[in-house]
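Visitor: work.pdb is the file, holding PDB, C-alpha atoms, pLDDT in the B column:
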```pdb
ATOM      1  CA  MET J1162      43.908 -66.069 162.604  1.00 44.00           C
ATOM      2  CA  SER J1163      41.017 -67.135 160.358  1.00 62.00           C
ATOM      3  CA  VAL J1164      39.123 -70.271 161.340  1.00 72.00           C
ATOM      4  CA  ALA J1165      38.503 -72.808 158.551  1.00 85.00           C
ATOM      5  CA  VAL J1166      34.734 -73.175 158.189  1.00 94.00           C
ATOM      6  CA  HIS J1167      34.501 -75.264 155.004  1.00 95.00           C
ATOM      7  CA  GLY J1168      32.591 -78.419 155.879  1.00 96.00           C
ATOM      8  CA  ALA J1169      29.335 -79.749 157.300  1.00 97.00           C
ATOM      9  CA  TRP J1170      28.206 -78.592 160.732  1.00 98.00           C
ATOM     10  CA  THR J1171      25.396 -79.132 163.197  1.00 98.00           C
ATOM     11  CA  ARG J1172      24.573 -76.851 166.096  1.00 97.00           C
ATOM     12  CA  ARG J1173      24.977 -78.504 169.472  1.00 96.00           C
ATOM     13  CA  ALA J1174      23.471 -75.669 171.537  1.00 96.00           C
ATOM     14  CA  ALA J1175      22.792 -71.945 171.739  1.00 95.00           C
ATOM     15  CA  ALA J1176      22.773 -69.499 174.644  1.00 95.00           C
ATOM     16  CA  ILE J1177      21.234 -66.026 174.760  1.00 92.00           C
ATOM     17  CA  ASP J1178      22.346 -63.091 176.887  1.00 90.00           C
ATOM     18  CA  GLY J1179      24.587 -65.261 179.054  1.00 89.00           C
ATOM     19  CA  GLY J1180      21.795 -67.728 179.879  1.00 93.00           C
ATOM     20  CA  ALA J1181      21.837 -71.510 179.941  1.00 95.00           C
ATOM     21  CA  ALA J1182      22.591 -73.400 176.748  1.00 94.00           C
ATOM     22  CA  PHE J1183      19.568 -74.895 174.973  1.00 93.00           C
ATOM     23  CA  GLU J1184      18.446 -76.288 171.622  1.00 92.00           C
ATOM     24  CA  THR J1185      14.995 -76.405 169.989  1.00 92.00           C
ATOM     25  CA  GLN J1186      15.858 -77.241 166.375  1.00 95.00           C
ATOM     26  CA  TRP J1187      17.812 -79.656 164.242  1.00 97.00           C
ATOM     27  CA  VAL J1188      20.277 -77.260 162.634  1.00 97.00           C
ATOM     28  CA  TYR J1189      22.493 -78.042 159.625  1.00 98.00           C
ATOM     29  CA  TRP J1190      25.033 -75.643 158.096  1.00 98.00           C
ATOM     30  CA  LEU J1191      26.970 -76.625 154.976  1.00 98.00           C
ATOM     31  CA  GLN J1192      29.847 -74.448 153.778  1.00 97.00           C
ATOM     32  CA  ALA J1193      31.540 -75.016 150.392  1.00 96.00           C
ATOM     33  CA  GLU J1194      34.179 -72.309 149.965  1.00 95.00           C
ATOM     34  CA  THR J1195      32.197 -69.015 149.850  1.00 96.00           C
ATOM     35  CA  CYS J1196      28.757 -70.641 149.409  1.00 97.00           C
ATOM     36  CA  TYR J1197      26.662 -71.842 152.330  1.00 98.00           C
ATOM     37  CA  ALA J1198      23.226 -73.227 153.142  1.00 98.00           C
ATOM     38  CA  ASP J1199      21.609 -73.324 156.593  1.00 98.00           C
ATOM     39  CA  LEU J1200      18.464 -75.364 157.311  1.00 98.00           C
ATOM     40  CA  ARG J1201      16.694 -75.566 160.683  1.00 97.00           C
ATOM     41  CA  VAL J1202      13.671 -77.703 161.535  1.00 96.00           C
ATOM     42  CA  PRO J1203      12.079 -77.650 165.010  1.00 95.00           C
ATOM     43  CA  PHE J1204      11.733 -80.512 167.433  1.00 94.00           C
ATOM     44  CA  HIS J1205      10.247 -78.221 170.111  1.00 91.00           C
ATOM     45  CA  PRO J1206       6.714 -76.821 169.589  1.00 89.00           C
ATOM     46  CA  ALA J1207       7.855 -73.275 170.355  1.00 85.00           C
ATOM     47  CA  ALA J1208      10.516 -73.270 167.641  1.00 90.00           C
ATOM     48  CA  ASP J1209      10.144 -72.206 163.999  1.00 92.00           C
ATOM     49  CA  GLN J1210      11.606 -73.648 160.846  1.00 96.00           C
ATOM     50  CA  ARG J1211      14.240 -71.505 159.144  1.00 96.00           C
ATOM     51  CA  CYS J1212      16.370 -71.695 156.036  1.00 97.00           C
ATOM     52  CA  PHE J1213      18.743 -69.264 154.370  1.00 96.00           C
ATOM     53  CA  THR J1214      21.564 -69.489 151.848  1.00 97.00           C
ATOM     54  CA  GLY J1215      24.045 -67.233 150.126  1.00 97.00           C
ATOM     55  CA  ARG J1216      27.679 -66.202 150.209  1.00 96.00           C
ATOM     56  CA  SER J1217      29.897 -65.759 153.232  1.00 96.00           C
ATOM     57  CA  GLY J1218      33.414 -64.760 154.178  1.00 96.00           C
ATOM     58  CA  TRP J1219      35.660 -62.934 156.573  1.00 95.00           C
ATOM     59  CA  ASP J1220      34.882 -59.289 157.314  1.00 95.00           C
ATOM     60  CA  GLY J1221      37.747 -58.022 159.447  1.00 94.00           C
ATOM     61  CA  ASP J1222      37.809 -60.141 162.595  1.00 94.00           C
ATOM     62  CA  GLY J1223      34.233 -61.296 162.025  1.00 96.00           C
ATOM     63  CA  TYR J1224      32.586 -63.735 159.652  1.00 96.00           C
ATOM     64  CA  ARG J1225      29.659 -62.464 157.564  1.00 96.00           C
ATOM     65  CA  TRP J1226      26.844 -64.547 156.058  1.00 96.00           C
ATOM     66  CA  SER J1227      24.769 -62.732 153.394  1.00 95.00           C
ATOM     67  CA  HIS J1228      21.246 -64.044 152.814  1.00 95.00           C
ATOM     68  CA  GLY J1229      20.572 -64.512 149.111  1.00 94.00           C
ATOM     69  CA  LEU J1230      17.584 -66.812 149.700  1.00 96.00           C
ATOM     70  CA  ASP J1231      15.709 -66.667 152.991  1.00 96.00           C
ATOM     71  CA  LEU J1232      12.514 -68.369 154.148  1.00 96.00           C
ATOM     72  CA  GLU J1233      11.783 -65.359 156.369  1.00 91.00           C
ATOM     73  CA  ALA J1234      11.769 -62.939 153.415  1.00 85.00           C
ATOM     74  CA  SER J1235       8.039 -62.477 152.871  1.00 68.00           C
ATOM     75  CA  ASP J1236       8.332 -61.479 149.196  1.00 60.00           C
ATOM     76  CA  GLY J1237      10.803 -64.222 148.355  1.00 53.00           C
ATOM     77  CA  GLU J1238      13.683 -61.774 148.097  1.00 57.00           C
ATOM     78  CA  ALA J1239      16.065 -61.224 150.992  1.00 51.00           C
ATOM     79  CA  SER J1240      16.955 -57.661 151.880  1.00 52.00           C
ATOM     80  CA  PRO J1241      20.511 -56.582 150.986  1.00 47.00           C
ATOM     81  CA  ALA J1242      20.868 -55.763 154.705  1.00 50.00           C
ATOM     82  CA  ALA J1243      19.946 -59.322 155.712  1.00 73.00           C
ATOM     83  CA  ASP J1244      23.420 -60.304 156.868  1.00 89.00           C
ATOM     84  CA  ASP J1245      24.648 -62.142 159.955  1.00 91.00           C
ATOM     85  CA  LEU J1246      27.991 -61.168 161.460  1.00 94.00           C
ATOM     86  CA  GLY J1247      29.571 -63.452 164.035  1.00 96.00           C
ATOM     87  CA  TYR J1248      32.946 -64.097 165.636  1.00 97.00           C
ATOM     88  CA  LEU J1249      34.415 -67.590 165.440  1.00 97.00           C
ATOM     89  CA  GLU J1250      36.882 -69.451 167.632  1.00 96.00           C
ATOM     90  CA  TRP J1251      37.774 -73.035 168.491  1.00 95.00           C
ATOM     91  CA  ARG J1252      36.992 -74.293 171.982  1.00 93.00           C
ATOM     92  CA  ASP J1253      37.306 -77.964 173.039  1.00 90.00           C
ATOM     93  CA  GLU J1254      37.063 -79.203 169.428  1.00 89.00           C
ATOM     94  CA  ALA J1255      33.885 -77.175 168.808  1.00 96.00           C
ATOM     95  CA  LEU J1256      33.459 -74.055 166.690  1.00 97.00           C
ATOM     96  CA  ILE J1257      32.068 -71.258 168.863  1.00 97.00           C
ATOM     97  CA  GLU J1258      30.138 -68.425 167.234  1.00 97.00           C
ATOM     98  CA  THR J1259      29.367 -65.279 169.215  1.00 97.00           C
ATOM     99  CA  GLY J1260      27.645 -62.065 168.240  1.00 94.00           C
ATOM    100  CA  MET J1261      24.516 -59.975 168.670  1.00 92.00           C
ATOM    101  CA  TRP J1262      20.981 -60.947 167.657  1.00 84.00           C
ATOM    102  CA  PRO J1263      18.644 -58.077 166.714  1.00 80.00           C
ATOM    103  CA  THR J1264      15.380 -58.189 168.693  1.00 80.00           C
ATOM    104  CA  ALA J1265      12.428 -55.848 169.163  1.00 83.00           C
ATOM    105  CA  GLY J1266      13.963 -54.810 172.498  1.00 86.00           C
ATOM    106  CA  GLY J1267      17.414 -54.208 171.050  1.00 88.00           C
ATOM    107  CA  PRO J1268      20.482 -56.368 170.296  1.00 89.00           C
ATOM    108  CA  VAL J1269      21.063 -59.391 172.547  1.00 93.00           C
ATOM    109  CA  ALA J1270      24.331 -61.316 172.879  1.00 96.00           C
ATOM    110  CA  TYR J1271      24.350 -64.945 171.746  1.00 96.00           C
ATOM    111  CA  GLU J1272      26.703 -67.910 171.668  1.00 97.00           C
ATOM    112  CA  GLU J1273      26.298 -70.951 169.417  1.00 97.00           C
ATOM    113  CA  VAL J1274      28.272 -74.189 169.602  1.00 97.00           C
ATOM    114  CA  TRP J1275      28.902 -75.947 166.277  1.00 98.00           C
ATOM    115  CA  VAL J1276      30.429 -79.396 165.720  1.00 97.00           C
ATOM    116  CA  ARG J1277      31.475 -81.111 162.515  1.00 97.00           C
ATOM    117  CA  LEU J1278      29.265 -83.782 161.029  1.00 97.00           C
ATOM    118  CA  PRO J1279      31.007 -87.049 160.111  1.00 96.00           C
ATOM    119  CA  GLY J1280      31.626 -87.654 156.422  1.00 96.00           C
ATOM    120  CA  ASP J1281      32.220 -84.028 155.383  1.00 95.00           C
ATOM    121  CA  GLY J1282      35.704 -84.586 153.936  1.00 92.00           C
ATOM    122  CA  GLY J1283      34.622 -85.815 150.503  1.00 94.00           C
ATOM    123  CA  PRO J1284      33.874 -84.013 147.229  1.00 95.00           C
ATOM    124  CA  TRP J1285      32.171 -80.648 147.477  1.00 96.00           C
ATOM    125  CA  LEU J1286      30.023 -78.608 145.142  1.00 97.00           C
ATOM    126  CA  ALA J1287      28.084 -75.331 145.105  1.00 97.00           C
ATOM    127  CA  LEU J1288      25.492 -74.648 142.395  1.00 98.00           C
ATOM    128  CA  GLU J1289      23.316 -71.575 141.898  1.00 97.00           C
ATOM    129  CA  ALA J1290      20.374 -70.637 139.699  1.00 97.00           C
ATOM    130  CA  GLU J1291      17.741 -67.925 139.922  1.00 95.00           C
ATOM    131  CA  GLY J1292      15.822 -68.652 143.116  1.00 96.00           C
ATOM    132  CA  ALA J1293      17.722 -71.875 143.774  1.00 98.00           C
ATOM    133  CA  CYS J1294      20.963 -73.291 145.093  1.00 97.00           C
ATOM    134  CA  LEU J1295      22.589 -76.559 146.075  1.00 98.00           C
ATOM    135  CA  VAL J1296      25.501 -76.985 148.470  1.00 98.00           C
ATOM    136  CA  ARG J1297      27.186 -80.357 148.881  1.00 98.00           C
ATOM    137  CA  VAL J1298      30.041 -81.155 151.280  1.00 97.00           C
ATOM    138  CA  GLY J1299      31.070 -84.815 151.339  1.00 97.00           C
ATOM    139  CA  ASN J1300      28.071 -86.939 152.315  1.00 97.00           C
ATOM    140  CA  HIS J1301      25.868 -83.926 153.096  1.00 98.00           C
ATOM    141  CA  ALA J1302      23.803 -81.704 150.783  1.00 98.00           C
ATOM    142  CA  ILE J1303      21.195 -78.968 151.076  1.00 98.00           C
ATOM    143  CA  THR J1304      19.019 -77.901 148.143  1.00 98.00           C
ATOM    144  CA  VAL J1305      16.849 -74.776 148.317  1.00 98.00           C
ATOM    145  CA  VAL J1306      14.295 -73.683 145.706  1.00 98.00           C
ATOM    146  CA  ASP J1307      12.390 -70.427 146.270  1.00 97.00           C
ATOM    147  CA  ARG J1308       9.628 -69.747 143.715  1.00 96.00           C
ATOM    148  CA  ARG J1309       7.553 -67.345 145.849  1.00 95.00           C
ATOM    149  CA  ALA J1310       8.413 -64.317 143.686  1.00 93.00           C
ATOM    150  CA  SER J1311       6.587 -66.007 140.781  1.00 93.00           C
ATOM    151  CA  GLY J1312       3.656 -67.306 142.854  1.00 94.00           C
ATOM    152  CA  GLY J1313       5.207 -70.610 143.867  1.00 95.00           C
ATOM    153  CA  SER J1314       6.503 -71.865 147.193  1.00 96.00           C
ATOM    154  CA  PHE J1315       9.688 -72.246 149.239  1.00 97.00           C
ATOM    155  CA  ALA J1316      11.175 -75.734 149.501  1.00 98.00           C
ATOM    156  CA  ALA J1317      14.391 -77.026 151.050  1.00 98.00           C
ATOM    157  CA  CYS J1318      15.903 -80.413 151.800  1.00 98.00           C
ATOM    158  CA  TYR J1319      18.931 -81.613 153.763  1.00 98.00           C
ATOM    159  CA  ARG J1320      20.104 -84.975 152.414  1.00 98.00           C
ATOM    160  CA  VAL J1321      22.685 -87.479 153.604  1.00 98.00           C
ATOM    161  CA  LEU J1322      24.448 -89.959 151.318  1.00 97.00           C
ATOM    162  CA  ASP J1323      24.439 -93.593 152.416  1.00 96.00           C
ATOM    163  CA  ASP J1324      24.619 -96.959 150.645  1.00 95.00           C
ATOM    164  CA  ARG J1325      21.084 -96.399 149.307  1.00 95.00           C
ATOM    165  CA  GLY J1326      21.847 -93.000 147.801  1.00 96.00           C
ATOM    166  CA  TRP J1327      20.920 -89.456 148.823  1.00 97.00           C
ATOM    167  CA  ARG J1328      18.234 -89.722 151.484  1.00 97.00           C
ATOM    168  CA  PRO J1329      16.203 -86.746 152.852  1.00 98.00           C
ATOM    169  CA  LYS J1330      16.790 -86.119 156.546  1.00 97.00           C
ATOM    170  CA  ALA J1331      15.206 -82.687 157.121  1.00 97.00           C
ATOM    171  CA  VAL J1332      12.630 -81.048 154.851  1.00 98.00           C
ATOM    172  CA  ILE J1333      10.834 -77.710 154.544  1.00 98.00           C
ATOM    173  CA  GLY J1334       7.773 -77.570 152.291  1.00 97.00           C
ATOM    174  CA  ASP J1335       8.002 -79.879 149.293  1.00 97.00           C
ATOM    175  CA  GLY J1336      11.747 -80.189 149.836  1.00 97.00           C
ATOM    176  CA  ALA J1337      11.913 -83.907 149.077  1.00 96.00           C
ATOM    177  CA  ALA J1338      11.005 -83.056 145.458  1.00 97.00           C
ATOM    178  CA  THR J1339      13.973 -80.704 145.044  1.00 98.00           C
ATOM    179  CA  PRO J1340      16.951 -82.056 143.088  1.00 97.00           C
ATOM    180  CA  GLY J1341      19.817 -83.675 144.959  1.00 97.00           C
ATOM    181  CA  PRO J1342      23.479 -83.661 143.884  1.00 96.00           C
ATOM    182  CA  ASP J1343      22.931 -86.746 141.708  1.00 95.00           C
ATOM    183  CA  VAL J1344      20.145 -85.127 139.647  1.00 95.00           C
ATOM    184  CA  ALA J1345      20.950 -81.398 139.805  1.00 94.00           C
ATOM    185  CA  PRO J1346      19.821 -79.522 136.675  1.00 95.00           C
ATOM    186  CA  SER J1347      22.633 -79.012 134.183  1.00 93.00           C
ATOM    187  CA  GLU J1348      21.691 -75.347 133.766  1.00 95.00           C
ATOM    188  CA  TRP J1349      22.473 -74.538 137.406  1.00 98.00           C
ATOM    189  CA  ALA J1350      25.801 -72.719 137.417  1.00 97.00           C
ATOM    190  CA  VAL J1351      28.805 -74.210 139.193  1.00 97.00           C
ATOM    191  CA  VAL J1352      30.208 -71.703 141.687  1.00 97.00           C
ATOM    192  CA  HIS J1353      32.649 -74.032 143.451  1.00 95.00           C
ATOM    193  CA  ARG J1354      33.713 -77.615 142.957  1.00 95.00           C
ATOM    194  CA  GLY J1355      36.474 -79.605 144.629  1.00 94.00           C
ATOM    195  CA  GLY J1356      37.761 -82.943 145.757  1.00 86.00           C
ATOM    196  CA  PRO J1357      38.300 -84.456 149.214  1.00 78.00           C
ATOM    197  CA  LEU J1358      39.912 -82.194 151.800  1.00 60.00           C
ATOM    198  CA  GLU J1359      41.039 -79.542 149.292  1.00 57.00           C
ATOM    199  CA  ALA J1360      39.525 -76.680 151.302  1.00 51.00           C
ATOM    200  CA  ARG J1361      40.385 -77.832 154.833  1.00 50.00           C
ATOM    201  CA  THR J1362      43.732 -76.014 155.082  1.00 41.00           C
TER     202      THR J1362
END
```
In structure tokens, how does this file's structure come out?
Guide:
Amino acid sequence: MSVAVHGAWTRRAAAIDGGAAFETQWVYWLQAETCYADLRVPFHPAADQRCFTGRSGWDGDGYRWSHGLDLEASDGEASPAADDLGYLEWRDEALIETGMWPTAGGPVAYEEVWVRLPGDGGPWLALEAEGACLVRVGNHAITVVDRRASGGSFAACYRVLDDRGWRPKAVIGDGAATPGPDVAPSEWAVVHRGGPLEART
């Protein structure tokens, strides 16, 4: 049975090769129908910042995330093979993702524990443009703008809506200057749009 993944998520912990659970980053994953954005900023000195976005969906029993934009793509263009394939299940009100991470020494098993962020049941929106995207789910939004292919930079911002508006909470590069849902460029194409709870079933 497919697990509903539409919503706003944060990673509680990860474990590698059966080891102890740990976390070194603030990790935010927003999923609006088939569009997603994932932004990770470190709080541990050994961790790296990461960000990738694209389309995702079920692939047999697994769930596949394709990387359309990816901070780790050195030329600003993700490889068509840059996909993640994981297996999802509910456990104690958390979404558990398992799979294999490619490493220099060969694939290694991993497990990630994801929990819903509060306030993700409101309106949702996914916009795309060349080298850019915006994913909003309720009170959460991630904007990514990648201009490296034309000599620019990579910028991303995770924002949360409160009584003072959309406020940056996690930023990569000049992410705070990227447009939020309230000022998104009109030329960015709407991929998905919906109202509260429409995609939760």
Visitor: May I have the protein, DNA and RNA residues with an atom at most 7 Å from (17.5, -63.9, 173.4), counting only C-alpha atoms in the file's coordinates, returned as a VMD selection string?
Guide: chain J and resid 1177 to 1178 1269
Visitor: Separation of CA of Arg1173 in chain J and CA of Ala1317 in chain J, in Å?
Guide: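 So the answer is 21.3 Å.
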Visitor: Starting from the displayed file, determine the output of the PyMOL selection byres ((chain J and resi 1233) around 8) and express the residue list as number ranges by chain.
Guide: J: 1211-1212, 1231-1232, 1234-1235
Visitor: Do a neighbour search on Glu1184 in chain J at 9 Å with all atoms listed in the file, toss out local chain neighbours closer than 2 positions, and write the hits as a list of chain:residue names.
Guide: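 That gives J:Arg1172, J:Arg1173, J:Ala1174, J:Ala1175, J:Ala1176, J:Ala1182, J:Gln1186, J:Trp1187, J:Phe1204, J:His1205.
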Visitor: Kindly indicate which residue among J:Asp1253, J:Asp1244, J:Asp1199, J:Asp1281 lies nearest to Ala1169 in chain J, using all atoms listed in the file for the distances.
Guide: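 Among the listed residues, the smallest separation from Ala1169 in chain J belongs to J:Asp1281.
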Visitor: Just the residues within 10 Å of Cys1196 in chain J, please, counting all atoms listed in the file, with nothing from its chain fewer than 2 positions along; format it as a list in words.
Guide: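 So the residues in contact are His1167, Leu1191, Gln1192, Ala1193, Glu1194, Ala1198, Thr1214, Gly1215, Arg1216, Ser1217, Gly1218, Trp1226, Ser1227, Leu1286, Ala1287, Leu1288, Glu1289, Cys1294, Leu1295, Val1296, Arg1297, Val1352 and His1353 of chain J.
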